[in-house]
file data_29.txt (compact mmCIF, C-alpha atoms and all ligand atoms)
# COMPACT_ATOMS: atom_id res chain seq x y z
CA MET P 1 21.36 57.70 -61.84
CA ILE P 2 17.58 57.16 -62.00
CA THR P 3 15.83 60.46 -62.73
CA ARG P 4 12.34 59.23 -63.63
CA LYS P 5 9.93 59.15 -60.73
CA PHE P 6 8.78 55.77 -59.39
CA ARG P 7 5.17 55.49 -60.56
CA VAL P 8 2.79 53.76 -58.16
CA GLY P 9 -0.90 52.82 -58.23
CA VAL P 10 -2.87 51.97 -55.09
CA ILE P 11 -5.53 49.22 -55.19
CA GLY P 12 -7.96 49.34 -52.25
CA CYS P 13 -8.19 52.74 -50.59
CA GLY P 14 -9.68 52.01 -47.15
CA GLY P 15 -8.18 52.36 -43.68
CA ILE P 16 -4.61 51.11 -44.11
CA ALA P 17 -4.18 52.77 -47.52
CA GLN P 18 -5.37 56.19 -46.33
CA VAL P 19 -3.82 56.24 -42.87
CA ILE P 20 -0.52 54.45 -43.53
CA HIS P 21 0.39 53.60 -47.12
CA ILE P 22 -0.46 56.78 -49.01
CA PRO P 23 1.41 58.98 -46.45
CA GLY P 24 4.28 56.48 -46.67
CA TRP P 25 4.49 56.82 -50.46
CA LEU P 26 4.18 60.62 -50.28
CA ASN P 27 7.06 60.64 -47.81
CA LEU P 28 9.40 59.43 -50.59
CA PRO P 29 10.44 62.28 -52.92
CA GLU P 30 11.27 59.85 -55.74
CA VAL P 31 7.69 58.50 -55.82
CA GLU P 32 4.58 59.66 -57.65
CA ILE P 33 1.15 58.13 -56.96
CA VAL P 34 -0.26 57.97 -60.49
CA GLY P 35 -3.72 56.56 -59.76
CA VAL P 36 -5.91 54.76 -57.27
CA ALA P 37 -8.70 52.16 -57.46
CA ASP P 38 -11.44 51.14 -55.07
CA ILE P 39 -14.84 49.54 -55.67
CA SER P 40 -16.25 52.47 -53.68
CA GLU P 41 -15.87 55.55 -55.87
CA ALA P 42 -16.25 57.89 -52.87
CA THR P 43 -13.44 56.09 -51.04
CA ALA P 44 -11.24 56.18 -54.14
CA ARG P 45 -11.90 59.91 -54.65
CA LYS P 46 -10.99 60.70 -51.03
CA ALA P 47 -7.75 58.73 -51.32
CA ALA P 48 -6.93 60.29 -54.71
CA ALA P 49 -7.28 63.79 -53.24
CA ALA P 50 -4.83 62.88 -50.46
CA ALA P 51 -2.48 61.20 -52.95
CA GLY P 52 -2.49 64.14 -55.36
CA THR P 53 -3.79 62.25 -58.40
CA ALA P 54 -6.81 62.77 -60.65
CA ASN P 55 -6.80 59.16 -61.89
CA VAL P 56 -9.62 57.41 -60.03
CA PHE P 57 -10.96 53.96 -60.94
CA THR P 58 -13.58 51.61 -59.53
CA ASP P 59 -12.06 48.63 -61.38
CA TYR P 60 -8.37 47.97 -60.72
CA ARG P 61 -7.99 46.52 -64.23
CA ASP P 62 -8.44 50.07 -65.59
CA LEU P 63 -5.74 51.38 -63.21
CA LEU P 64 -3.39 48.69 -64.55
CA LYS P 65 -3.66 50.18 -68.07
CA LEU P 66 -1.67 53.21 -66.84
CA ASP P 67 2.11 53.47 -67.16
CA LEU P 68 2.98 52.24 -63.64
CA ASP P 69 6.13 50.72 -62.15
CA ALA P 70 4.35 49.12 -59.22
CA VAL P 71 1.07 48.64 -57.42
CA ASP P 72 0.35 48.62 -53.72
CA ILE P 73 -2.54 46.26 -52.84
CA CYS P 74 -4.56 47.22 -49.74
CA THR P 75 -7.84 45.39 -50.41
CA PRO P 76 -9.50 42.73 -48.22
CA ASN P 77 -7.41 39.54 -48.17
CA ARG P 78 -9.38 37.54 -50.74
CA VAL P 79 -8.82 40.23 -53.39
CA HIS P 80 -5.02 40.11 -52.96
CA THR P 81 -4.49 37.15 -55.30
CA PRO P 82 -6.61 38.27 -58.28
CA ALA P 83 -5.31 41.84 -58.01
CA ALA P 84 -1.67 40.73 -57.73
CA LEU P 85 -1.97 38.26 -60.61
CA ALA P 86 -3.55 40.95 -62.81
CA ALA P 87 -0.83 43.45 -61.85
CA LEU P 88 2.01 40.98 -62.47
CA ASN P 89 0.48 39.98 -65.81
CA ALA P 90 0.39 43.69 -66.67
CA GLY P 91 4.13 43.91 -65.89
CA LYS P 92 3.91 45.79 -62.56
CA HIS P 93 5.92 45.06 -59.42
CA VAL P 94 3.70 44.30 -56.40
CA LEU P 95 3.73 45.30 -52.76
CA CYS P 96 0.78 43.55 -51.08
CA GLU P 97 -0.68 43.82 -47.59
CA LYS P 98 -0.62 40.81 -45.31
CA PRO P 99 -1.66 38.05 -45.60
CA LEU P 100 -0.26 37.85 -49.14
CA ALA P 101 -2.92 35.18 -49.78
CA VAL P 102 -4.92 32.79 -47.65
CA THR P 103 -3.74 29.53 -49.24
CA THR P 104 -0.29 28.23 -50.17
CA ALA P 105 -1.55 27.44 -53.69
CA GLU P 106 -2.31 31.13 -54.23
CA VAL P 107 1.03 32.26 -52.77
CA ARG P 108 2.84 29.86 -55.11
CA GLN P 109 0.81 31.02 -58.12
CA MET P 110 1.66 34.66 -57.39
CA GLY P 111 5.30 33.96 -56.56
CA GLU P 112 6.01 31.81 -59.59
CA LEU P 113 4.38 34.35 -61.89
CA ALA P 114 6.49 37.14 -60.38
CA ASP P 115 9.64 35.04 -60.83
CA ARG P 116 8.76 34.18 -64.45
CA LYS P 117 8.15 37.85 -65.22
CA LYS P 118 11.25 38.97 -63.26
CA LEU P 119 9.08 41.24 -61.14
CA LYS P 120 9.31 41.93 -57.40
CA LEU P 121 6.63 40.63 -55.05
CA MET P 122 6.79 41.72 -51.41
CA THR P 123 4.45 40.97 -48.50
CA ALA P 124 3.89 44.01 -46.30
CA GLN P 125 5.15 42.54 -43.02
CA HIS P 126 5.96 45.83 -41.33
CA GLN P 127 6.91 44.26 -37.99
CA ARG P 128 10.25 43.31 -39.58
CA PHE P 129 10.90 47.05 -39.89
CA THR P 130 10.18 47.94 -36.25
CA GLN P 131 13.03 48.95 -33.98
CA SER P 132 12.56 45.82 -31.85
CA GLY P 133 12.38 43.64 -34.97
CA VAL P 134 15.61 45.06 -36.42
CA ALA P 135 17.38 44.78 -33.03
CA ALA P 136 16.21 41.19 -32.52
CA LYS P 137 17.31 40.16 -36.01
CA SER P 138 20.79 41.70 -35.52
CA TRP P 139 21.17 39.86 -32.19
CA VAL P 140 20.12 36.53 -33.71
CA ASP P 141 22.31 37.04 -36.80
CA ALA P 142 25.29 37.74 -34.51
CA GLY P 143 24.86 34.18 -33.19
CA HIS P 144 23.58 34.93 -29.67
CA LEU P 145 20.52 32.70 -29.96
CA GLY P 146 22.36 29.64 -31.27
CA GLU P 147 20.00 27.11 -32.80
CA ALA P 148 16.32 27.90 -32.22
CA TYR P 149 14.69 24.67 -30.96
CA HIS P 150 11.36 26.06 -29.75
CA ALA P 151 9.24 29.21 -30.03
CA ARG P 152 6.02 30.69 -28.70
CA VAL P 153 3.92 32.99 -30.86
CA ARG P 154 0.99 34.91 -29.39
CA ALA P 155 -1.35 37.42 -31.04
CA MET P 156 -4.04 37.55 -28.40
CA ARG P 157 -6.53 40.36 -27.83
CA ARG P 158 -9.05 40.95 -25.08
CA ALA P 159 -11.73 42.56 -27.29
CA TRP P 160 -10.36 44.20 -30.44
CA LEU P 161 -12.45 42.53 -33.11
CA PRO P 162 -12.24 44.48 -36.42
CA PRO P 163 -15.92 44.96 -37.35
CA GLN P 164 -15.43 45.67 -41.11
CA PRO P 165 -16.86 42.96 -43.42
CA GLY P 166 -13.38 42.63 -44.97
CA PHE P 167 -12.19 41.02 -41.74
CA ILE P 168 -15.18 39.08 -40.38
CA ASP P 169 -16.73 37.69 -43.59
CA ALA P 170 -14.79 34.58 -44.62
CA LYS P 171 -15.61 35.21 -48.29
CA LEU P 172 -13.59 38.46 -48.07
CA SER P 173 -10.97 37.67 -45.44
CA GLY P 174 -10.37 33.92 -45.67
CA GLY P 175 -9.70 33.79 -41.93
CA GLY P 176 -9.96 35.59 -38.59
CA PRO P 177 -7.21 36.52 -36.10
CA CYS P 178 -4.85 33.90 -37.57
CA MET P 179 -4.78 35.74 -40.90
CA ASP P 180 -5.13 39.21 -39.38
CA ILE P 181 -2.69 39.38 -36.45
CA GLY P 182 -1.28 35.86 -36.04
CA VAL P 183 0.39 36.37 -39.40
CA HIS P 184 2.40 39.35 -38.01
CA ALA P 185 3.89 37.57 -34.98
CA LEU P 186 4.36 34.30 -36.87
CA ASP P 187 6.22 35.95 -39.75
CA LEU P 188 8.46 37.80 -37.31
CA CYS P 189 9.20 34.62 -35.34
CA LEU P 190 9.98 32.49 -38.41
CA TRP P 191 12.21 35.28 -39.73
CA LEU P 192 14.20 35.19 -36.46
CA MET P 193 14.33 31.36 -36.58
CA GLY P 194 15.82 31.54 -40.09
CA PHE P 195 12.67 30.15 -41.77
CA PRO P 196 12.99 26.40 -41.10
CA LYS P 197 10.54 24.33 -43.16
CA PRO P 198 7.27 23.62 -41.29
CA VAL P 199 6.19 20.01 -41.84
CA ARG P 200 3.32 19.06 -39.47
CA VAL P 201 0.67 21.03 -37.57
CA SER P 202 -2.00 20.12 -35.05
CA GLY P 203 -4.42 23.00 -34.64
CA THR P 204 -7.76 24.26 -33.52
CA SER P 205 -9.78 27.24 -34.77
CA ARG P 206 -13.08 28.14 -33.15
CA THR P 207 -15.63 30.89 -32.72
CA VAL P 208 -15.92 31.24 -28.95
CA PHE P 209 -17.38 34.73 -28.37
CA ALA P 210 -18.10 36.46 -31.70
CA LYS P 211 -21.53 34.92 -32.33
CA GLY P 212 -22.77 35.86 -28.85
CA LYS P 213 -23.29 38.94 -26.70
CA VAL P 214 -21.13 38.20 -23.65
CA MET P 215 -18.03 40.02 -24.83
CA PRO P 216 -18.18 43.79 -25.48
CA ASN P 217 -15.97 44.94 -28.37
CA LEU P 218 -13.59 47.88 -27.91
CA TRP P 219 -14.08 48.64 -31.64
CA GLY P 220 -17.89 48.68 -31.48
CA GLU P 221 -20.70 46.48 -32.77
CA TRP P 222 -20.26 43.93 -35.54
CA ASP P 223 -22.59 41.88 -37.74
CA ARG P 224 -22.89 38.56 -35.91
CA LYS P 225 -24.78 36.91 -38.80
CA ARG P 226 -22.01 37.80 -41.23
CA PHE P 227 -19.27 36.66 -38.83
CA SER P 228 -17.93 33.48 -40.47
CA VAL P 229 -14.30 33.17 -39.34
CA GLU P 230 -12.63 31.99 -36.12
CA ASP P 231 -12.16 34.34 -33.15
CA PHE P 232 -9.60 31.99 -31.55
CA ALA P 233 -7.03 29.62 -32.97
CA ALA P 234 -4.06 27.65 -31.67
CA GLY P 235 -1.54 25.34 -33.22
CA PHE P 236 1.48 23.18 -32.52
CA VAL P 237 4.03 23.14 -35.33
CA HIS P 238 6.91 20.73 -36.10
CA PHE P 239 9.75 21.86 -38.41
CA ASP P 240 12.01 19.63 -40.50
CA ASN P 241 15.02 20.47 -38.30
CA GLY P 242 13.26 19.19 -35.16
CA ALA P 243 12.28 22.65 -33.87
CA THR P 244 8.74 23.23 -32.57
CA LEU P 245 6.45 26.25 -32.20
CA VAL P 246 3.25 27.01 -30.29
CA LEU P 247 0.87 29.53 -31.86
CA GLU P 248 -2.11 31.31 -30.28
CA ALA P 249 -4.26 34.00 -31.90
CA ALA P 250 -7.53 35.62 -30.79
CA TRP P 251 -9.60 38.75 -31.34
CA MET P 252 -11.46 38.12 -28.06
CA SER P 253 -10.40 36.35 -24.88
CA HIS P 254 -10.55 36.77 -21.11
CA GLN P 255 -7.10 38.22 -20.51
CA GLN P 256 -5.96 41.39 -18.79
CA GLU P 257 -3.93 42.85 -21.65
CA ASN P 258 -5.83 44.55 -24.51
CA GLU P 259 -3.33 42.95 -26.85
CA GLU P 260 -0.33 40.70 -26.49
CA LEU P 261 1.82 40.33 -29.57
CA LEU P 262 4.73 38.04 -28.75
CA ALA P 263 7.40 35.94 -30.36
CA GLN P 264 9.53 34.15 -27.79
CA LEU P 265 12.47 32.13 -29.04
CA PHE P 266 14.38 29.46 -27.15
CA GLY P 267 17.85 28.78 -28.56
CA THR P 268 20.83 26.65 -27.58
CA LYS P 269 22.84 29.77 -26.62
CA GLY P 270 20.18 32.26 -25.54
CA GLY P 271 16.53 33.20 -25.43
CA LEU P 272 14.74 36.27 -26.76
CA LYS P 273 11.35 37.92 -26.52
CA TRP P 274 9.93 40.23 -29.18
CA PRO P 275 8.79 43.02 -29.16
CA SER P 276 10.14 43.68 -25.65
CA ALA P 277 13.62 42.70 -26.96
CA GLU P 278 14.47 41.06 -23.62
CA PHE P 279 17.16 38.39 -23.77
CA ALA P 280 18.42 35.73 -21.39
CA THR P 281 21.66 33.80 -21.65
CA VAL P 282 24.53 32.31 -19.63
CA THR P 283 28.05 33.79 -19.73
CA ASN P 284 30.87 31.75 -18.15
CA GLY P 285 28.40 29.83 -16.01
CA THR P 286 26.59 32.97 -14.83
CA PHE P 287 23.04 33.92 -15.76
CA ALA P 288 22.82 37.10 -17.83
CA GLN P 289 19.83 39.03 -19.09
CA GLY P 290 18.89 42.45 -20.39
CA THR P 291 17.11 44.39 -23.09
CA LEU P 292 18.54 44.94 -26.55
CA THR P 293 19.06 48.48 -27.70
CA HIS P 294 19.35 49.60 -31.27
CA PRO P 295 21.20 52.69 -32.40
CA VAL P 296 18.81 53.61 -35.21
CA ALA P 297 15.36 54.84 -34.22
CA VAL P 298 12.59 53.55 -36.49
CA PRO P 299 9.88 56.25 -36.41
CA HIS P 300 7.55 54.61 -38.90
CA PRO P 301 8.04 50.91 -39.72
CA HIS P 302 5.35 50.89 -42.46
CA TRP P 303 7.10 53.76 -44.22
CA ASN P 304 10.42 51.92 -43.99
CA GLU P 305 8.77 48.86 -45.50
CA ILE P 306 7.52 50.99 -48.42
CA ALA P 307 10.98 52.53 -48.83
CA ALA P 308 12.58 49.06 -48.78
CA PHE P 309 10.19 47.88 -51.53
CA THR P 310 10.97 50.94 -53.66
CA ASP P 311 14.71 50.39 -53.14
CA CYS P 312 14.50 46.70 -54.10
CA VAL P 313 12.69 47.51 -57.35
CA ARG P 314 14.78 50.52 -58.32
CA ASN P 315 18.12 49.01 -57.42
CA GLY P 316 17.54 45.39 -58.40
CA LYS P 317 17.77 44.00 -54.86
CA PRO P 318 15.94 40.86 -53.62
CA SER P 319 12.44 41.34 -52.23
CA PRO P 320 12.80 42.16 -48.49
CA VAL P 321 9.85 39.82 -47.77
CA PRO P 322 9.97 37.17 -50.52
CA TRP P 323 7.07 34.81 -51.30
CA THR P 324 9.31 31.81 -50.55
CA GLU P 325 9.24 32.92 -46.89
CA THR P 326 5.58 33.95 -46.89
CA ILE P 327 4.51 30.53 -48.18
CA LYS P 328 5.83 28.95 -44.95
CA VAL P 329 3.82 31.41 -42.81
CA ILE P 330 0.62 30.81 -44.79
CA GLY P 331 1.33 27.06 -44.85
CA ILE P 332 1.17 26.96 -41.04
CA LEU P 333 -2.04 29.04 -40.85
CA GLU P 334 -3.69 27.01 -43.60
CA ALA P 335 -2.71 23.81 -41.76
CA VAL P 336 -4.26 25.08 -38.49
CA TYR P 337 -7.63 25.43 -40.28
CA GLN P 338 -7.20 22.11 -42.06
CA SER P 339 -6.32 20.33 -38.81
CA GLN P 340 -9.50 21.71 -37.22
CA ARG P 341 -11.58 20.40 -40.15
CA LYS P 342 -9.92 16.95 -40.16
CA GLY P 343 -9.65 16.57 -36.38
CA ARG P 344 -6.03 15.47 -36.54
CA GLU P 345 -2.45 16.57 -37.23
CA VAL P 346 -1.87 17.49 -40.90
CA THR P 347 1.08 17.89 -43.27
CA VAL P 348 1.94 21.49 -44.18
CA ARG P 349 1.44 22.35 -47.84
CA GLY P 350 3.83 24.62 -49.64
N1 LIG E 401 -0.05 45.79 -41.81
C1 LIG E 401 -0.98 46.19 -40.98
O1 LIG E 401 -0.71 46.58 -39.85
C2 LIG E 401 -2.41 46.18 -41.44
C3 LIG E 401 -3.38 46.88 -40.72
C4 LIG E 401 -4.69 46.88 -41.19
C5 LIG E 401 -5.01 46.18 -42.34
N2 LIG E 401 -4.06 45.49 -43.01
C6 LIG E 401 -4.40 44.72 -44.23
O2 LIG E 401 -4.76 45.64 -45.25
C7 LIG E 401 -5.83 45.14 -46.03
C8 LIG E 401 -6.96 46.15 -46.01
O3 LIG E 401 -7.35 46.42 -44.68
P1 LIG E 401 -8.10 47.78 -44.29
O4 LIG E 401 -8.07 47.84 -42.80
O5 LIG E 401 -7.57 48.91 -45.06
O6 LIG E 401 -9.59 47.42 -44.75
P2 LIG E 401 -10.72 48.41 -45.21
O7 LIG E 401 -11.97 47.59 -45.21
O8 LIG E 401 -10.68 49.66 -44.42
O9 LIG E 401 -10.32 48.80 -46.73
C9 LIG E 401 -10.35 47.90 -47.79
C10 LIG E 401 -10.74 48.68 -49.05
O10 LIG E 401 -10.65 47.80 -50.18
C11 LIG E 401 -11.75 48.12 -51.04
N3 LIG E 401 -12.00 46.99 -51.94
C12 LIG E 401 -12.70 45.86 -51.68
N4 LIG E 401 -12.71 45.07 -52.79
C13 LIG E 401 -12.01 45.73 -53.74
C14 LIG E 401 -11.68 45.44 -55.09
N5 LIG E 401 -12.08 44.31 -55.69
N6 LIG E 401 -10.98 46.35 -55.78
C15 LIG E 401 -10.57 47.52 -55.21
N7 LIG E 401 -10.85 47.84 -53.93
C16 LIG E 401 -11.57 46.96 -53.20
C17 LIG E 401 -12.90 48.45 -50.09
O11 LIG E 401 -13.90 49.20 -50.75
C18 LIG E 401 -12.17 49.22 -49.01
O12 LIG E 401 -12.15 50.61 -49.27
C19 LIG E 401 -6.18 43.76 -45.44
O13 LIG E 401 -5.56 42.76 -46.18
C20 LIG E 401 -5.60 43.81 -44.04
O14 LIG E 401 -5.18 42.53 -43.57
C21 LIG E 401 -2.77 45.51 -42.58

call {"tool": "encode", "arguments": {"input": "data_29.txt", "output": "structure tokens"}}
result
Amino acid sequence: MITRKFRVGVIGCGGIAQVIHIPGWLNLPEVEIVGVADISEATARKAAAAAGTANVFTDYRDLLKLDLDAVDICTPNRVHTPAALAALNAGKHVLCEKPLAVTTAEVRQMGELADRKKLKLMTAQHQRFTQSGVAAKSWVDAGHLGEAYHARVRAMRRAWLPPQPGFIDAKLSGGGPCMDIGVHALDLCLWLMGFPKPVRVSGTSRTVFAKGKVMPNLWGEWDRKRFSVEDFAAGFVHFDNGATLVLEAAWMSHQQENEELLAQLFGTKGGLKWPSAEFATVTNGTFAQGTLTHPVAVPHPHWNEIAAFTDCVRNGKPSPVPWTETIKVIGILEAVYQSQRKGREVTVRG
């Protein structure tokens, strides 16, 4: 029986760390938050007070000198790779917010280092831990979908553009809605498809509204000069098994819904929509449809994700979101950007 507490350090103490991750760690009695780091000392101090630790750092390399089992990385996207590499080199397991990295080369570098060091690396894809995600996965694993031959992935907003520099400045984020919200629906969809290997992508990524004044933002004003990512992207993906996928992601668009997050799968036996969990099939020549139910309520998917990471480290289980899956997600998003730059279909890296 493990009696020692699981010792965690948090790197990046902004919105997601304070609102979601720190409460999620505190929810686990076997966990102790041993220290926190943020380049803003005030932000780090506020998070430390909530986390119940006196160890506050403005450089995460100082946090890594502590006796920690794991770190939880909640910085802007571009800091994920250097922070994760430093943590893995210091012998710590790593839970890292999405996107794990913004290029496949970085994902591979992190993943191979984790493997060499026999450390866990998990991408925080909390949608896999939602009630609809768990129900959809069980239905697919029971064989009701058959072979997935096509999918639609949408992460489209009317006017929810995150104004923080960490999202809109390409130097910090590495991408716009593709990397911010497209990554959620795409990961979920590929997980349900059984992670076929993406091979070719034709894509577009553009800034349609975010440099102008036409579209009001439900999250307030943003720095238009600093805005250097796409606000809309789309892609058409071919997999090595012949399956195809259409991807659309936007922070701003003329649509009625404030947000549509969708993965729709078309299989040889049935079809499924997530997160509505609606299915359609044919039974003995008769059309059948309905909504999946799941017996276990999932009150807080982020907390379940944190618990699953802790369990995998403490009990030697595989990472619930391994880098070998994440590299396929990032490979598609990277290829969308590359296709836009080259003006043609491109091969997916990985
Ligand atoms: N899973 C989800 O639903 C979800 C939701 C929101 C954000 N996120 C992800 O979480 C990450 C952070 O997003 P956020 O909304 O908390 O952003 P945020 O801007 O509120 O917080 C980021 C924090 O990181 C700090 N930081 C920046 N550089 C740093 C460095 N070198 N070392 C230490 N700290 C540093 C900033 O000072 C800031 O406090 C992003 O990768 C984002 O994609 C995930």

call {"tool": "atom_distance", "arguments": {"input": "data_29.txt", "atom1": "atom CA of P:Thr123", "atom2": "atom N1 of ligand LIG 401 (chain E)"}}
result
9.4 Å

call {"tool": "residues_near_point", "arguments": {"input": "data_29.txt", "point": "(12.9, 41.5, -35.6)", "cutoff": "12 Å", "atoms": "only C-alpha atoms", "output": "count of residues only"}}
result
41

call {"tool": "atom_distance", "arguments": {"input": "data_29.txt", "atom1": "atom CA of P:Phe232", "atom2": "atom CA of P:Thr326"}}
result
21.7 Å

call {"tool": "residues_near_ligand", "arguments": {"input": "data_29.txt", "ligand": "ligand LIG 401 (chain E)", "cutoff": "6 Å", "atoms": "all atoms listed in the file", "output": "list in words"}}
result
Ile11, Gly12, Cys13, Gly14, Gly15, Ile16, Ala17, Ala37, Asp38, Ile39, Ser40, Thr43, Tyr60, Cys74, Thr75, Pro76, Asn77, Val79, Glu97, Lys98, Gln164, Gly166 and Asp180 of chain P

call {"tool": "atom_distance", "arguments": {"input": "data_29.txt", "atom1": "atom CA of P:Gly316", "atom2": "atom CA of P:His93"}}
result
11.7 Å

call {"tool": "residues_around", "arguments": {"input": "data_29.txt", "residues": "P:Thr268", "least_positions_apart": "3", "cutoff": "7 Å", "atoms": "all atoms listed in the file", "output": "short mmCIF file (atom, residue, chain, number, x, y, z; two decimals) with C-alpha atoms, in the frame of the given file"}}
result
data_model
loop_
_atom_site.label_atom_id
_atom_site.label_comp_id
_atom_site.auth_asym_id
_atom_site.auth_seq_id
_atom_site.Cartn_x
_atom_site.Cartn_y
_atom_site.Cartn_z
CA LEU P 145 20.52 32.70 -29.96
CA GLY P 146 22.36 29.64 -31.27
CA GLU P 147 20.00 27.11 -32.80
CA ALA P 148 16.32 27.90 -32.22
#

call {"tool": "closest_residue", "arguments": {"input": "data_29.txt", "among": "P:Leu119, P:Ala234, P:Cys178, P:Ala335", "to": "P:Thr204", "atoms": "all atoms listed in the file"}}
result
P:Ala234

call {"tool": "residues_around", "arguments": {"input": "data_29.txt", "residues": "P:Ala86", "least_positions_apart": "3", "cutoff": "8 Å", "atoms": "only C-alpha atoms", "output": "list of chain:residue names"}}
result
P:Arg61, P:Leu64, P:Pro82, P:Ala83, P:Asn89, P:Ala90

call {"tool": "residues_around", "arguments": {"input": "data_29.txt", "residues": "stretch 257-260 of chain P", "least_positions_apart": "2", "cutoff": "8 Å", "atoms": "all atoms listed in the file", "output": "list in words"}}
result
Arg154, Ala155, Met156, Arg157, Arg158, Ala159, Trp160, Gln255 and Leu262 of chain P

call {"tool": "residues_around", "arguments": {"input": "data_29.txt", "residues": "P:Trp323", "least_positions_apart": "4", "cutoff": "9 Å", "atoms": "all atoms listed in the file", "output": "NGL selection string"}}
result
:P and (100 or 107-108 or 110-112 or 121-123 or 319 or 327-328)

call {"tool": "residues_near_point", "arguments": {"input": "data_29.txt", "point": "(-18.6, 34.8, -30.0)", "cutoff": "12 Å", "atoms": "only C-alpha atoms", "output": "short mmCIF file (atom, residue, chain, number, x, y, z; two decimals) with C-alpha atoms, keeping the file's coordinate frame"}}
result
data_model
loop_
_atom_site.label_atom_id
_atom_site.label_comp_id
_atom_site.auth_asym_id
_atom_site.auth_seq_id
_atom_site.Cartn_x
_atom_site.Cartn_y
_atom_site.Cartn_z
CA ALA P 159 -11.73 42.56 -27.29
CA LEU P 161 -12.45 42.53 -33.11
CA ILE P 168 -15.18 39.08 -40.38
CA ARG P 206 -13.08 28.14 -33.15
CA THR P 207 -15.63 30.89 -32.72
CA VAL P 208 -15.92 31.24 -28.95
CA PHE P 209 -17.38 34.73 -28.37
CA ALA P 210 -18.10 36.46 -31.70
CA LYS P 211 -21.53 34.92 -32.33
CA GLY P 212 -22.77 35.86 -28.85
CA LYS P 213 -23.29 38.94 -26.70
CA VAL P 214 -21.13 38.20 -23.65
CA MET P 215 -18.03 40.02 -24.83
CA PRO P 216 -18.18 43.79 -25.48
CA ASN P 217 -15.97 44.94 -28.37
CA TRP P 222 -20.26 43.93 -35.54
CA ASP P 223 -22.59 41.88 -37.74
CA ARG P 224 -22.89 38.56 -35.91
CA LYS P 225 -24.78 36.91 -38.80
CA PHE P 227 -19.27 36.66 -38.83
CA SER P 228 -17.93 33.48 -40.47
CA VAL P 229 -14.30 33.17 -39.34
CA GLU P 230 -12.63 31.99 -36.12
CA ASP P 231 -12.16 34.34 -33.15
CA PHE P 232 -9.60 31.99 -31.55
CA ALA P 250 -7.53 35.62 -30.79
CA TRP P 251 -9.60 38.75 -31.34
CA MET P 252 -11.46 38.12 -28.06
CA SER P 253 -10.40 36.35 -24.88
#

call {"tool": "residues_around", "arguments": {"input": "data_29.txt", "residues": "P:Leu28", "least_positions_apart": "3", "cutoff": "10 Å", "atoms": "all atoms listed in the file", "output": "list in words"}}
result
Phe6, Pro23, Gly24, Trp25, Val31, Glu32, Trp303, Ile306, Ala307 and Thr310 of chain P

call {"tool": "closest_residue", "arguments": {"input": "data_29.txt", "among": "P:Leu63, P:Asp69, P:Gly235, P:Gln18", "to": "P:Ala47", "atoms": "all atoms listed in the file"}}
result
P:Gln18

call {"tool": "closest_residue", "arguments": {"input": "data_29.txt", "among": "P:Pro198, P:Thr58, P:His21, P:Val102", "to": "P:Ser173", "atoms": "only C-alpha atoms"}}
result
P:Val102

call {"tool": "closest_residue", "arguments": {"input": "data_29.txt", "among": "P:Leu95, P:Leu172, P:Leu26, P:Ala84", "to": "P:Arg226", "atoms": "all atoms listed in the file"}}
result
P:Leu172

call {"tool": "closest_residue", "arguments": {"input": "data_29.txt", "among": "P:Leu85, P:Glu106, P:Gly350, P:Pro320", "to": "P:Ala308", "atoms": "only C-alpha atoms"}}
result
P:Pro320

call {"tool": "decode", "arguments": {"input": "data_29.txt", "residues": "stretch 70-79 of chain P", "atoms": "N, CA and C atoms", "output": "CSV table (one decimal), in the first residue's frame"}}
result
chain,number,residue,atom,x,y,z
P,70,ALA,N,5.3,14.7,-9.6
P,70,ALA,CA,4.8,15.1,-10.9
P,70,ALA,C,4.6,16.6,-11.0
P,71,VAL,N,4.6,17.1,-12.3
P,71,VAL,CA,4.2,18.5,-12.5
P,71,VAL,C,2.9,18.5,-13.4
P,72,ASP,N,2.2,19.6,-13.2
P,72,ASP,CA,1.0,19.9,-14.0
P,72,ASP,C,1.3,21.2,-14.7
P,73,ILE,N,1.3,21.1,-16.0
P,73,ILE,CA,1.7,22.3,-16.8
P,73,ILE,C,0.5,23.0,-17.4
P,74,CYS,N,0.3,24.2,-16.9
P,74,CYS,CA,-0.9,25.0,-17.3
P,74,CYS,C,-0.5,26.4,-17.9
P,75,THR,N,0.6,26.4,-18.6
P,75,THR,CA,1.2,27.7,-19.2
P,75,THR,C,0.6,27.9,-20.6
P,76,PRO,N,0.8,29.0,-21.2
P,76,PRO,CA,0.5,29.1,-22.6
P,76,PRO,C,1.2,28.0,-23.4
P,77,ASN,N,0.6,27.7,-24.6
P,77,ASN,CA,1.0,26.5,-25.3
P,77,ASN,C,2.5,26.4,-25.6
P,78,ARG,N,3.1,27.5,-26.0
P,78,ARG,CA,4.5,27.5,-26.4
P,78,ARG,C,5.5,27.2,-25.3
P,79,VAL,N,5.0,27.3,-24.1
P,79,VAL,CA,5.8,27.0,-22.9
P,79,VAL,C,5.7,25.5,-22.5
